[in-house]
file run_37.txt (compact mmCIF, C-alpha atoms and all ligand atoms)
# COMPACT_ATOMS: atom_id res chain seq x y z
CA MET A 19 53.17 -38.48 3.42
CA THR A 20 54.69 -35.04 3.84
CA ILE A 21 53.59 -31.92 2.10
CA ALA A 22 56.25 -29.76 0.50
CA ILE A 23 55.35 -26.41 1.96
CA ASP A 24 57.60 -23.99 3.76
CA PHE A 25 55.47 -21.84 6.02
CA ASP A 26 58.45 -19.70 7.05
CA GLN A 27 59.21 -18.88 3.44
CA ILE A 28 55.58 -18.07 2.68
CA GLU A 29 55.28 -15.77 5.69
CA ARG A 30 58.43 -13.91 4.71
CA ASP A 31 57.43 -13.45 1.07
CA THR A 32 53.80 -12.49 1.59
CA LEU A 33 54.44 -10.13 4.46
CA THR A 34 57.05 -8.29 2.45
CA ALA A 35 54.55 -7.87 -0.38
CA LEU A 36 52.00 -6.58 2.11
CA THR A 37 54.34 -3.91 3.47
CA ALA A 38 54.69 -2.47 -0.01
CA THR A 39 50.91 -2.21 -0.51
CA THR A 40 49.46 1.29 -0.40
CA ASP A 41 46.02 1.02 -2.05
CA SER A 42 42.93 -1.03 -1.24
CA ALA A 43 42.62 -2.67 -4.69
CA THR A 44 46.08 -4.24 -4.40
CA LEU A 45 45.28 -5.15 -0.81
CA GLN A 46 42.19 -7.09 -1.87
CA LYS A 47 44.19 -8.97 -4.52
CA TRP A 48 46.73 -9.87 -1.84
CA ARG A 49 43.93 -11.16 0.42
CA ILE A 50 42.51 -13.42 -2.29
CA ALA A 51 45.99 -14.72 -3.24
CA ASN A 52 47.18 -15.38 0.33
CA LEU A 53 44.08 -15.98 2.43
CA GLY A 54 41.62 -17.13 -0.23
CA ARG A 55 40.41 -20.72 -0.52
CA SER A 56 43.09 -21.64 -3.07
CA SER A 57 45.95 -19.74 -1.43
CA PRO A 58 48.96 -21.96 -0.44
CA VAL A 59 48.40 -21.77 3.33
CA VAL A 60 44.63 -22.35 3.29
CA ALA A 61 44.95 -25.09 0.66
CA ALA A 62 47.69 -26.80 2.72
CA LEU A 63 45.50 -26.72 5.83
CA GLY A 64 42.78 -28.34 3.74
CA THR A 65 44.97 -31.44 3.27
CA LEU A 66 45.32 -32.15 7.01
CA GLY A 67 43.02 -35.12 6.72
CA THR A 68 45.46 -36.94 4.45
CA LEU A 69 48.30 -36.81 7.00
CA SER A 70 49.22 -39.35 9.64
CA LYS A 71 48.25 -38.57 13.23
CA GLU A 72 51.77 -37.51 14.29
CA GLU A 73 52.33 -35.28 11.28
CA ARG A 74 48.91 -33.71 11.52
CA ARG A 75 49.47 -32.05 14.88
CA ALA A 76 52.69 -30.22 14.11
CA PHE A 77 51.64 -29.36 10.57
CA GLY A 78 48.27 -28.03 11.65
CA GLN A 79 49.74 -25.96 14.44
CA ARG A 80 52.32 -24.33 12.18
CA GLY A 81 49.80 -23.83 9.41
CA ASN A 82 47.26 -22.10 11.68
CA GLN A 83 50.02 -19.96 13.14
CA ALA A 84 50.99 -18.84 9.65
CA LYS A 85 47.37 -18.17 8.73
CA GLN A 86 46.82 -16.08 11.87
CA ALA A 87 49.99 -14.11 11.19
CA LEU A 88 48.78 -13.34 7.67
CA GLU A 89 45.32 -12.34 8.91
CA GLN A 90 46.70 -9.99 11.54
CA ALA A 91 49.10 -8.46 9.07
CA PHE A 92 46.21 -7.98 6.64
CA GLU A 93 44.03 -6.19 9.23
CA ALA A 94 46.89 -3.86 10.10
CA ALA A 95 47.62 -3.19 6.44
CA ALA A 96 43.90 -2.53 5.74
CA GLN A 97 43.79 0.10 8.47
CA ARG A 98 47.01 1.68 7.36
CA THR A 99 45.86 1.72 3.70
CA SER A 100 42.46 3.28 4.33
CA GLN A 101 44.03 5.94 6.51
CA ALA A 102 46.60 6.64 3.80
CA GLU A 103 43.87 6.82 1.15
CA LEU A 104 41.84 9.24 3.24
CA THR A 105 44.87 11.46 3.77
CA ARG A 106 45.61 11.35 0.02
CA ASP A 107 42.00 12.22 -0.87
CA LEU A 108 41.91 15.06 1.63
CA ALA A 109 45.14 16.44 0.24
CA ALA A 110 43.76 16.16 -3.29
CA GLY A 111 40.58 17.92 -2.15
CA SER A 112 38.27 15.26 -3.58
CA LEU A 113 36.44 14.79 -0.27
CA ASP A 114 34.73 17.67 1.47
CA VAL A 115 33.88 16.34 4.90
CA THR A 116 31.80 19.45 5.62
CA ALA A 117 29.44 18.79 2.67
CA PRO A 118 25.91 17.79 3.76
CA GLY A 119 25.14 14.09 3.37
CA ARG A 120 22.93 12.77 0.63
CA ARG A 121 19.33 12.55 1.74
CA ARG A 122 17.88 9.10 1.81
CA GLY A 123 14.68 8.80 -0.24
CA ARG A 124 11.97 7.77 2.21
CA GLY A 125 8.81 6.05 1.07
CA ARG A 126 5.36 7.22 2.04
CA LEU A 127 1.75 6.19 1.70
CA HIS A 128 -0.06 6.76 -1.58
CA PRO A 129 -2.42 9.79 -1.34
CA ALA A 130 -5.45 7.54 -1.90
CA THR A 131 -4.29 5.24 0.91
CA GLN A 132 -3.85 8.23 3.22
CA THR A 133 -7.46 9.29 2.62
CA LEU A 134 -8.70 5.71 2.99
CA ARG A 135 -6.98 5.41 6.37
CA ARG A 136 -8.48 8.67 7.59
CA ILE A 137 -11.92 7.42 6.57
CA TYR A 138 -11.32 4.07 8.34
CA ALA A 139 -10.25 5.86 11.53
CA ILE A 140 -13.29 8.15 11.58
CA PHE A 141 -15.80 5.33 11.11
CA ALA A 142 -13.90 3.02 13.48
CA GLU A 143 -14.37 5.62 16.18
CA MET A 144 -18.12 5.48 15.52
CA GLY A 145 -18.11 1.69 15.93
CA PHE A 146 -17.96 0.62 12.29
CA GLN A 147 -15.89 -2.45 11.44
CA ILE A 148 -14.04 -2.90 8.17
CA TYR A 149 -15.49 -5.69 6.05
CA ARG A 150 -13.64 -6.77 2.95
CA SER A 151 -15.21 -8.72 0.15
CA ARG A 152 -13.99 -10.07 -3.16
CA ASP A 153 -13.24 -8.00 -6.28
CA VAL A 154 -14.71 -10.69 -8.55
CA GLU A 155 -18.46 -11.14 -8.28
CA THR A 156 -21.31 -12.91 -9.95
CA ASP A 157 -23.83 -10.89 -11.92
CA GLU A 158 -26.38 -11.84 -9.27
CA PHE A 159 -24.44 -10.29 -6.38
CA ASN A 160 -23.26 -7.24 -8.32
CA PHE A 161 -26.70 -6.40 -9.74
CA GLY A 162 -29.60 -8.78 -9.17
CA LEU A 163 -29.61 -8.99 -5.37
CA LEU A 164 -29.14 -5.21 -5.19
CA ASN A 165 -32.45 -4.65 -6.89
CA ILE A 166 -30.97 -4.17 -10.37
CA PRO A 167 -32.58 -6.90 -12.51
CA PRO A 168 -31.26 -7.60 -16.04
CA HIS A 169 -33.70 -5.19 -17.72
CA HIS A 170 -32.90 -2.28 -15.36
CA PRO A 171 -31.70 0.89 -17.13
CA ALA A 172 -29.18 1.56 -14.31
CA ARG A 173 -27.08 -1.26 -15.73
CA ASP A 174 -26.16 0.96 -18.65
CA MET A 175 -24.15 3.19 -16.29
CA TRP A 176 -22.20 0.27 -14.95
CA ASP A 177 -20.68 -1.66 -17.80
CA THR A 178 -17.75 -3.67 -16.53
CA PHE A 179 -15.17 -6.33 -17.37
CA TYR A 180 -16.27 -9.90 -17.88
CA THR A 181 -14.27 -13.00 -17.07
CA THR A 182 -14.26 -16.06 -19.31
CA THR A 183 -16.65 -17.71 -16.85
CA PRO A 184 -20.21 -16.71 -17.80
CA ASN A 185 -21.84 -14.29 -15.31
CA VAL A 186 -18.62 -13.70 -13.38
CA ILE A 187 -17.50 -10.08 -13.55
CA LEU A 188 -15.25 -7.54 -11.86
CA ARG A 189 -17.45 -5.69 -9.38
CA THR A 190 -18.62 -2.23 -10.47
CA HIS A 191 -19.17 -1.07 -6.88
CA THR A 192 -18.51 -2.32 -3.34
CA SER A 193 -22.25 -2.81 -2.78
CA PRO A 194 -22.24 -6.62 -3.35
CA GLY A 195 -20.39 -6.72 -0.01
CA GLN A 196 -23.64 -5.55 1.61
CA ILE A 197 -25.30 -8.82 0.63
CA HIS A 198 -22.28 -10.87 1.78
CA VAL A 199 -22.10 -9.23 5.20
CA MET A 200 -25.88 -9.38 5.76
CA ARG A 201 -26.06 -13.08 4.92
CA GLU A 202 -23.07 -13.73 7.19
CA ARG A 203 -24.34 -11.76 10.21
CA CYS A 204 -28.15 -12.02 9.98
CA PRO A 205 -30.03 -11.51 12.34
CA GLU A 206 -27.31 -9.58 14.23
CA PRO A 207 -27.19 -5.78 13.87
CA ILE A 208 -24.53 -4.55 11.44
CA ARG A 209 -22.24 -1.55 11.37
CA VAL A 210 -19.53 -1.91 8.74
CA ILE A 211 -17.65 -0.03 6.09
CA LEU A 212 -16.70 -1.90 2.93
CA PRO A 213 -13.64 -0.45 1.20
CA GLY A 214 -12.11 -1.80 -1.98
CA MET A 215 -11.28 -1.51 -5.64
CA CYS A 216 -14.08 -1.29 -8.22
CA TYR A 217 -13.95 -1.59 -11.99
CA ARG A 218 -15.88 -0.07 -14.85
CA TYR A 219 -15.54 -0.30 -18.57
CA GLU A 220 -15.09 3.38 -19.29
CA GLN A 221 -13.05 5.61 -21.46
CA ILE A 222 -10.09 6.81 -19.38
CA THR A 223 -10.18 10.58 -18.97
CA ALA A 224 -9.12 13.17 -16.43
CA ARG A 225 -12.34 12.40 -14.53
CA SER A 226 -12.80 8.66 -14.98
CA GLU A 227 -10.59 5.61 -14.63
CA ILE A 228 -11.36 1.94 -15.27
CA GLN A 229 -10.50 1.12 -11.66
CA PHE A 230 -11.01 3.19 -8.53
CA TYR A 231 -11.52 2.89 -4.79
CA GLN A 232 -14.87 3.02 -3.16
CA VAL A 233 -15.84 3.02 0.50
CA GLU A 234 -19.30 1.81 1.22
CA GLY A 235 -21.01 1.88 4.58
CA LEU A 236 -23.88 -0.17 5.95
CA ALA A 237 -25.84 -0.08 9.19
CA VAL A 238 -28.69 -2.54 9.77
CA GLY A 239 -30.72 -2.97 12.93
CA ARG A 240 -34.02 -2.22 14.59
CA HIS A 241 -35.36 1.35 14.60
CA ILE A 242 -32.67 2.79 12.31
CA THR A 243 -34.01 5.93 10.65
CA MET A 244 -32.98 8.60 8.18
CA ALA A 245 -32.00 10.73 11.20
CA ASP A 246 -29.30 8.15 12.04
CA LEU A 247 -28.04 8.34 8.48
CA LYS A 248 -27.87 12.13 8.53
CA GLY A 249 -26.29 12.25 11.97
CA THR A 250 -23.62 9.67 11.14
CA LEU A 251 -22.67 11.24 7.82
CA THR A 252 -22.66 14.78 9.19
CA ALA A 253 -20.36 13.66 12.03
CA PHE A 254 -18.14 12.01 9.41
CA ALA A 255 -17.98 15.21 7.33
CA HIS A 256 -17.10 17.25 10.41
CA ALA A 257 -14.30 14.83 11.32
CA LEU A 258 -12.85 14.81 7.81
CA PHE A 259 -13.30 18.41 6.71
CA GLY A 260 -13.54 20.32 10.01
CA PRO A 261 -16.27 20.96 12.58
CA GLN A 262 -17.33 24.24 10.98
CA VAL A 263 -18.21 22.74 7.59
CA ARG A 264 -21.91 22.71 6.65
CA THR A 265 -23.58 19.77 4.93
CA ARG A 266 -26.73 19.35 2.90
CA PHE A 267 -28.71 16.41 1.57
CA ARG A 268 -30.36 16.42 -1.85
CA SER A 269 -32.77 13.73 -2.96
CA ASP A 270 -31.48 11.33 -5.59
CA HIS A 271 -32.15 7.84 -6.86
CA PHE A 272 -30.29 4.55 -6.44
CA PRO A 273 -31.87 1.16 -7.11
CA PHE A 274 -30.70 -0.28 -3.77
CA THR A 275 -31.85 2.52 -1.42
CA GLU A 276 -35.22 4.15 -0.81
CA PRO A 277 -35.32 7.06 -0.21
CA SER A 278 -31.93 8.01 -1.66
CA ALA A 279 -29.86 11.17 -1.32
CA GLU A 280 -26.59 12.84 -2.21
CA MET A 281 -24.64 14.57 0.51
CA ASP A 282 -22.79 17.80 -0.26
CA VAL A 283 -20.33 19.61 1.98
CA GLU A 284 -19.70 23.29 1.89
CA CYS A 285 -16.77 23.94 -0.44
CA PHE A 286 -13.65 23.89 1.72
CA VAL A 287 -11.64 25.68 -0.95
CA CYS A 288 -13.70 28.91 -0.92
CA ASP A 289 -15.71 28.36 2.30
CA GLY A 290 -18.91 28.36 0.29
CA LYS A 291 -18.33 31.66 -1.49
CA GLY A 292 -18.00 30.05 -4.93
CA CYS A 293 -14.85 29.08 -6.83
CA PRO A 294 -13.79 27.01 -9.87
CA VAL A 295 -13.46 23.83 -7.75
CA CYS A 296 -17.13 23.95 -6.69
CA LYS A 297 -18.13 25.46 -10.04
CA GLN A 298 -19.26 28.62 -8.21
CA SER A 299 -21.98 26.67 -6.35
CA GLY A 300 -20.31 26.79 -2.92
CA TRP A 301 -20.99 23.04 -2.46
CA LEU A 302 -19.09 19.83 -3.22
CA GLU A 303 -20.79 16.51 -3.81
CA ILE A 304 -19.15 13.96 -1.50
CA LEU A 305 -21.24 10.80 -1.36
CA GLY A 306 -24.46 8.99 -2.19
CA CYS A 307 -26.63 7.47 0.52
CA GLY A 308 -30.07 6.28 1.48
CA MET A 309 -32.18 3.88 3.50
CA VAL A 310 -31.54 0.27 2.49
CA HIS A 311 -34.24 -0.85 0.05
CA PRO A 312 -36.61 -3.47 1.55
CA VAL A 313 -35.83 -5.85 -1.32
CA VAL A 314 -32.10 -5.63 -0.53
CA LEU A 315 -32.73 -6.21 3.19
CA GLU A 316 -34.78 -9.26 2.29
CA ASN A 317 -32.06 -10.55 -0.04
CA GLY A 318 -29.64 -10.24 2.86
CA GLY A 319 -31.94 -12.29 5.08
CA TYR A 320 -33.45 -9.46 7.19
CA ASP A 321 -37.20 -9.01 7.47
CA PRO A 322 -37.86 -5.40 6.35
CA ARG A 323 -40.92 -5.21 8.65
CA GLU A 324 -38.63 -5.67 11.63
CA PHE A 325 -35.28 -4.29 10.45
CA SER A 326 -34.17 -1.15 8.69
CA GLY A 327 -30.83 0.30 7.75
CA PHE A 328 -28.90 2.92 5.89
CA ALA A 329 -26.08 2.72 3.38
CA PHE A 330 -23.69 5.15 1.75
CA GLY A 331 -20.90 5.10 -0.76
CA MET A 332 -18.07 7.48 -1.56
CA GLY A 333 -15.01 7.72 -3.80
CA PRO A 334 -11.95 8.38 -1.64
CA GLN A 335 -9.93 9.37 -4.70
CA ARG A 336 -12.48 12.02 -5.62
CA ILE A 337 -12.34 13.35 -2.07
CA THR A 338 -8.52 13.35 -2.25
CA MET A 339 -8.72 15.26 -5.54
CA LEU A 340 -10.96 17.89 -3.99
CA MET A 341 -8.82 18.22 -0.87
CA HIS A 342 -5.55 18.62 -2.78
CA LYS A 343 -6.93 20.27 -5.93
CA ILE A 344 -5.72 17.38 -8.09
CA GLU A 345 -7.11 17.89 -11.55
CA ASP A 346 -6.54 14.52 -13.17
CA ILE A 347 -7.57 11.16 -11.70
CA ARG A 348 -5.04 9.38 -13.93
CA TYR A 349 -2.22 10.62 -11.67
CA PHE A 350 -3.27 8.08 -9.03
CA PHE A 351 -2.07 5.11 -11.07
CA ALA A 352 0.52 6.76 -13.31
CA ASN A 353 3.20 5.90 -10.72
CA ASP A 354 4.96 9.19 -11.28
CA VAL A 355 7.12 9.91 -8.23
CA ARG A 356 6.99 13.67 -8.94
CA PHE A 357 3.25 13.49 -8.22
CA LEU A 358 3.37 10.99 -5.36
CA GLU A 359 6.08 12.68 -3.32
CA GLN A 360 3.97 15.79 -2.92
CA PHE A 361 1.79 14.08 -0.33
ZN ZN A 401 -15.61 26.58 -3.88
call {"tool": "encode", "arguments": {"input": "run_37.txt", "output": "structure tokens", "more": "lines below"}}
Ligand SMILES: [Zn+2]
result
Amino acid sequence: MTIAIDFDQIERDTLTALTATTDSATLQKWRIANLGRSSPVVAALGTLGTLSKEERRAFGQRGNQAKQALEQAFEAAAQRTSQAELTRDLAAGSLDVTAPGRRRGRGRLHPATQTLRRIYAIFAEMGFQIYRSRDVETDEFNFGLLNIPPHHPARDMWDTFYTTTPNVILRTHTSPGQIHVMRERCPEPIRVILPGMCYRYEQITARSEIQFYQVEGLAVGRHITMADLKGTLTAFAHALFGPQVRTRFRSDHFPFTEPSAEMDVECFVCDGKGCPVCKQSGWLEILGCGMVHPVVLENGGYDPREFSGFAFGMGPQRITMLMHKIEDIRYFFANDVRFLEQF
């Protein structure tokens, strides 16, 4: 069987057409028509298998020769065409090669993530590990084991979202992680921070969101005292806000610590002189803390007569808001690039 194809004729015709081509659109059409899968030369080469052994050799050789000639001619034409187009464009003034290039939009970390990472780094340097625990908790872990029984009035502050499984909820704070890590590590000493997302059933306003980050900290061991708590948190405040910043502790109440306190830092906006950010007080409330309640230690498996510990919790978004004077917490999840690219 012979195939009726005249490679010489094809080469002549197609190469003439190529010489006349002056723009890249026509060039691409030529490539598809003459080097594409259904072009005469490529299609003919595809039928090699149907030829007898003797025919195949000569036909294949001539066919490949033709194909190579077309390919080389195409490359040359492509170069010639793009050069011609550039010259045309320059003459027409449509391309200003001295114009600055377009800036590429580079991504960056979310402001809350930036603060979280700074907090991780500071505590890591003090020997705290990061311990992650689940966002979905049982009522028992979220409340009961943290010394908040069903009748406790503190539960009113922490309404949350319920799943369709009874007693399974979205955690209202990272504190259930304290129980998880204690039960996992007991009787070893513990130094961890527990970061993560928390959820509360709240009206969304400039000051409150239904989901937010929290970073909790926990240290458990022998002979841990309130002095360790104050020293650790003061060192943290100095690392985050600057070594000159003053701190103060005010007594407070949390069900899972005893005694409990709030830590304030001197307002870094006005250096303690008083301004709208600190509401003229000169101080900013940064975190809650306290000595781990004996009931909580016991629920974690530690004997409170032998072990003690301290815990603290802070809202990295609130700290970010204070540091950057962000007035509305809703910006964090609004996904507005105009807000995010400022950080
Ligand atoms: Zn101030």
call {"tool": "closest_residue", "arguments": {"input": "run_37.txt", "among": "A:Ala84, A:Ala94, A:Leu108, A:Ala329", "to": "Thr37 in chain A", "atoms": "all atoms listed in the file"}}
result
A:Ala94
call {"tool": "atom_distance", "arguments": {"input": "run_37.txt", "atom1": "CA of Ser299 in chain A", "atom2": "CA of Ile347 in chain A"}}
result
21.8 Å
call {"tool": "atom_distance", "arguments": {"input": "run_37.txt", "atom1": "CA of Gln196 in chain A", "atom2": "CA of Gln335 in chain A"}}
result
21.2 Å
call {"tool": "closest_atom_pairs", "arguments": {"input": "run_37.txt", "of": "chain A", "to": "ligand ZN 401 (chain A)", "cutoff": "10 Å", "atoms": "all atoms listed in the file", "output": "Markdown table"}}
result
| residue | atom | partner | partner_atom | distance |
| --- | --- | --- | --- | --- |
| A:Glu284 | CA | A:ZN401 | ZN | 7.8 |
| A:Cys285 | CA | A:ZN401 | ZN | 4.5 |
| A:Phe286 | CA | A:ZN401 | ZN | 6.5 |
| A:Val287 | CA | A:ZN401 | ZN | 5.0 |
| A:Cys288 | CA | A:ZN401 | ZN | 4.2 |
| A:Asp289 | CA | A:ZN401 | ZN | 6.4 |
| A:Gly290 | CA | A:ZN401 | ZN | 5.6 |
| A:Lys291 | CA | A:ZN401 | ZN | 6.2 |
| A:Gly292 | CA | A:ZN401 | ZN | 4.3 |
| A:Cys293 | CA | A:ZN401 | ZN | 3.9 |
| A:Pro294 | CA | A:ZN401 | ZN | 6.3 |
| A:Val295 | CA | A:ZN401 | ZN | 5.2 |
| A:Cys296 | CA | A:ZN401 | ZN | 4.1 |
| A:Lys297 | CA | A:ZN401 | ZN | 6.7 |
| A:Gln298 | CA | A:ZN401 | ZN | 6.0 |
| A:Ser299 | CA | A:ZN401 | ZN | 6.8 |
| A:Gly300 | CA | A:ZN401 | ZN | 4.8 |
| A:Trp301 | CA | A:ZN401 | ZN | 6.6 |
| A:Leu302 | CA | A:ZN401 | ZN | 7.6 |
| A:Leu340 | CA | A:ZN401 | ZN | 9.9 |
call {"tool": "write_last_selection", "arguments": {"input": "run_37.txt", "atoms": "C-alpha atoms", "output": "compact mmCIF listing (two decimals), in the frame of the given file"}}
result
# COMPACT_ATOMS: atom_id res chain seq x y z
CA GLU A 284 -19.70 23.29 1.89
CA CYS A 285 -16.77 23.94 -0.44
CA PHE A 286 -13.65 23.89 1.72
CA VAL A 287 -11.64 25.68 -0.95
CA CYS A 288 -13.70 28.91 -0.92
CA ASP A 289 -15.71 28.36 2.30
CA GLY A 290 -18.91 28.36 0.29
CA LYS A 291 -18.33 31.66 -1.49
CA GLY A 292 -18.00 30.05 -4.93
CA CYS A 293 -14.85 29.08 -6.83
CA PRO A 294 -13.79 27.01 -9.87
CA VAL A 295 -13.46 23.83 -7.75
CA CYS A 296 -17.13 23.95 -6.69
CA LYS A 297 -18.13 25.46 -10.04
CA GLN A 298 -19.26 28.62 -8.21
CA SER A 299 -21.98 26.67 -6.35
CA GLY A 300 -20.31 26.79 -2.92
CA TRP A 301 -20.99 23.04 -2.46
CA LEU A 302 -19.09 19.83 -3.22
CA LEU A 340 -10.96 17.89 -3.99
call {"tool": "residues_around", "arguments": {"input": "run_37.txt", "residues": "Leu88 in chain A", "least_positions_apart": "6", "cutoff": "8 Å", "atoms": "all atoms listed in the file", "output": "mmCIF file with C-alpha atoms, keeping the file's coordinate frame"}}
result
data_model
loop_
_atom_site.group_PDB
_atom_site.id
_atom_site.type_symbol
_atom_site.label_atom_id
_atom_site.label_comp_id
_atom_site.auth_asym_id
_atom_site.auth_seq_id
_atom_site.Cartn_x
_atom_site.Cartn_y
_atom_site.Cartn_z
ATOM 1 C CA GLU A 29 55.280 -15.770 5.690
ATOM 2 C CA THR A 32 53.800 -12.490 1.590
ATOM 3 C CA LEU A 33 54.440 -10.130 4.460
ATOM 4 C CA ASN A 52 47.180 -15.380 0.330
ATOM 5 C CA LEU A 53 44.080 -15.980 2.430
#
call {"tool": "atom_distance", "arguments": {"input": "run_37.txt", "atom1": "CA of Pro261 in chain A", "atom2": "CA of Met215 in chain A"}}
result
29.4 Å
call {"tool": "residues_around", "arguments": {"input": "run_37.txt", "residues": "range 178-189 of chain A", "least_positions_apart": "2", "cutoff": "12 Å", "atoms": "all atoms listed in the file", "output": "number ranges by chain"}}
result
A: 151-162, 168, 173-176, 191-195, 214-221, 227-232
call {"tool": "residues_near_point", "arguments": {"input": "run_37.txt", "point": "(-33.1, -5.9, -6.3)", "cutoff": "10 Å", "atoms": "all atoms listed in the file", "output": "PyMOL selection string"}}
result
chain A and resi 158-159+161-167+170+273-275+311-317
call {"tool": "residues_around", "arguments": {"input": "run_37.txt", "residues": "range 123-128 of chain A", "least_positions_apart": "6", "cutoff": "8 Å", "atoms": "all atoms listed in the file", "output": "PDB file with C-alpha atoms, in the frame of the given file"}}
result
ATOM      1  CA  LEU A 358       3.370  10.990  -5.360  1.00  0.00           C
ATOM      2  CA  GLU A 359       6.080  12.680  -3.320  1.00  0.00           C
ATOM      3  CA  PHE A 361       1.790  14.080  -0.330  1.00  0.00           C
TER       4      PHE A 361
END
call {"tool": "closest_residue", "arguments": {"input": "run_37.txt", "among": "A:Leu104, A:Ala87, A:Leu258, A:Ala76", "to": "Ile137 in chain A", "atoms": "all atoms listed in the file"}}
result
A:Leu258
call {"tool": "closest_residue", "arguments": {"input": "run_37.txt", "among": "A:Gly239, A:Gly260, A:Gly308, A:Gly81", "to": "Ile208 in chain A", "atoms": "all atoms listed in the file"}}
result
A:Gly239
